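Here the structure comes first, spelled out in structure tokens, and everything after it is commentary.
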Amino acid sequence: MAMDRRIDRALDGPRWLENPRIARIVVETMQAGEQEREFYRLRAWVVMPNHVHVLWGPRREMRVITRWVKGCTARRANLLLGRTGRAFWQDESYDHWVRQPEELEKIVRYIERNPVQAGLVKVPEDWRWSSAWQAKAPAPQKH
């Protein structure tokens, strides 16, 4: 729990994800994985300054999804940062299988409230790099 708080407050590790261009890369890649690749169904997500939380319903093996998301985002982010060929993400990730509908909603709330808990915003919908913000944003106009 203490480690979660340190990470949430971005006290540890590089803070590359606070760069809006890099955060956008992560969001666009996650959305492409759902909409174009059909790798998963995105349920909730948040890009924090130094880590990402995502809840998805996988349609492919997790190792395939993780490798694709991390690989795509790392290449693009490292190009922007002038760090090509270097590690961007940590090797490990924390996977958790959701078994009950109540647990699903609890995890969604945890993910979307992460910026609030970190003291970055007052309400989840104010964090630009999250499913909570996207849910409140007006739909793009069709011409």
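Naming scheme: A, B, ... for chains in displayed order of the structure tokens; residues 1 onward per chain; ligands 1 onward as shown.
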Please return, as a compact mmCIF listing (two decimals) with C-alpha atoms, in the first residue's frame, all residues of stretch 8-138 of chain A that DSSP assigns to helix (DSSP H, G or I) on the basis of the backbone.
# COMPACT_ATOMS: atom_id res chain seq x y z
CA ASP A 8 0.71 7.30 -7.42
CA TRP A 16 7.95 10.72 -19.05
CA LEU A 17 4.18 10.15 -19.08
CA GLU A 18 3.50 13.65 -17.74
CA PRO A 20 1.20 15.38 -22.99
CA ARG A 21 2.67 14.10 -26.28
CA ILE A 22 3.78 10.86 -24.61
CA ALA A 23 0.51 10.47 -22.67
CA ARG A 24 -1.36 10.90 -25.97
CA ILE A 25 0.74 8.13 -27.55
CA VAL A 26 -0.23 5.75 -24.75
CA VAL A 27 -3.93 6.65 -24.98
CA GLU A 28 -4.00 6.39 -28.78
CA THR A 29 -2.25 3.02 -28.69
CA MET A 30 -4.62 1.61 -26.07
CA GLN A 31 -7.60 2.80 -28.10
CA ALA A 32 -6.16 1.34 -31.32
CA GLY A 33 -5.70 -1.99 -29.54
CA GLU A 34 -9.41 -2.02 -28.84
CA GLN A 35 -10.84 -0.44 -32.00
CA MET A 62 -2.14 -11.22 -22.25
CA ARG A 63 1.48 -11.66 -23.32
CA VAL A 64 0.51 -10.69 -26.89
CA ILE A 65 -1.45 -7.65 -25.72
CA THR A 66 1.25 -6.48 -23.31
CA ARG A 67 4.05 -6.94 -25.83
CA TRP A 68 2.13 -5.00 -28.50
CA VAL A 69 1.07 -2.10 -26.24
CA LYS A 70 4.46 -1.73 -24.59
CA GLY A 71 6.33 -2.13 -27.88
CA CYS A 72 4.26 0.42 -29.83
CA THR A 73 4.28 3.01 -27.09
CA ALA A 74 7.97 2.55 -26.24
CA ARG A 75 9.10 3.02 -29.85
CA ARG A 76 7.08 6.20 -30.36
CA ALA A 77 7.84 7.68 -26.93
CA ASN A 78 11.56 6.97 -27.19
CA LEU A 79 11.66 8.66 -30.59
CA LEU A 80 10.18 11.81 -29.04
CA LEU A 81 12.60 11.62 -26.13
CA PRO A 101 -19.10 -7.87 -11.14
CA GLU A 102 -18.69 -6.06 -7.80
CA GLU A 103 -14.93 -6.42 -8.09
CA LEU A 104 -15.02 -4.99 -11.61
CA GLU A 105 -16.73 -1.79 -10.46
CA LYS A 106 -14.37 -1.47 -7.50
CA ILE A 107 -11.36 -1.68 -9.85
CA VAL A 108 -12.88 0.86 -12.26
CA ARG A 109 -13.33 3.29 -9.36
CA TYR A 110 -9.77 2.66 -8.14
CA ILE A 111 -8.30 3.30 -11.59
CA GLU A 112 -10.33 6.41 -12.35
CA ARG A 113 -9.80 7.88 -8.86
CA ASN A 114 -6.03 7.37 -9.03
CA PRO A 115 -5.30 11.01 -10.05
CA VAL A 116 -7.52 12.22 -7.19
CA GLN A 117 -5.71 10.00 -4.68
CA PRO A 124 -11.65 11.93 -11.73
CA GLU A 125 -13.28 13.60 -14.75
CA ASP A 126 -10.72 16.42 -14.61
CA SER A 131 -11.37 6.98 -19.21
CA ALA A 132 -13.25 9.19 -16.71
CA TRP A 133 -12.27 12.33 -18.65
CA GLN A 134 -13.05 10.70 -21.98
CA ALA A 135 -16.50 9.64 -20.76
CA LYS A 136 -17.42 13.26 -19.98
Q) So which bits of stretch 16-142 of chain A end up strand (DSSP E or B) when you DSSP the backbone, as JSON, numbers by chain? A) {"A": [40, 41, 42, 43, 44, 45, 46, 47, 52, 53, 54, 55, 56, 57, 58, 130]}
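Here atom CA of A:Asn50 and atom CA of A:Arg37 stand 25.8 Å from one another.
Straight-line separation from atom CA of A:His96 to atom CA of A:Gly13: 22.7 Å.
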Q) Of the residues A:Val52, A:Glu61, A:Arg15, A:Tyr40, which is the one nearest to A:Tyr94, using only C-alpha atoms? A) A:Val52
Q: Write out as a ChimeraX atom specification the residues lying within 6 Å of A:Val46, counting only C-alpha atoms and excluding same-chain residues fewer than 6 positions away.
A: /A:52-53,129-130
Export, as a PDB file, in the first residue's frame, the selected residues with C-alpha atoms.
ATOM      1  CA  VAL A  52      -0.443   3.401 -16.263  1.00  0.00           C
ATOM      2  CA  HIS A  53      -3.474   1.553 -14.918  1.00  0.00           C
ATOM      3  CA  TRP A 129      -5.481  11.136 -19.585  1.00  0.00           C
ATOM      4  CA  SER A 130      -8.227   8.850 -18.305  1.00  0.00           C
TER       5      SER A 130
END
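From atom CA of A:Arg60 back to atom CA of A:Phe39, the distance works out to 5.5 Å.
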Q.
When you count only C-alpha atoms, which of these residues is closest to A:Val98: A:His51, A:Arg43, A:Gly82, A:Gly119?
A. A:Arg43
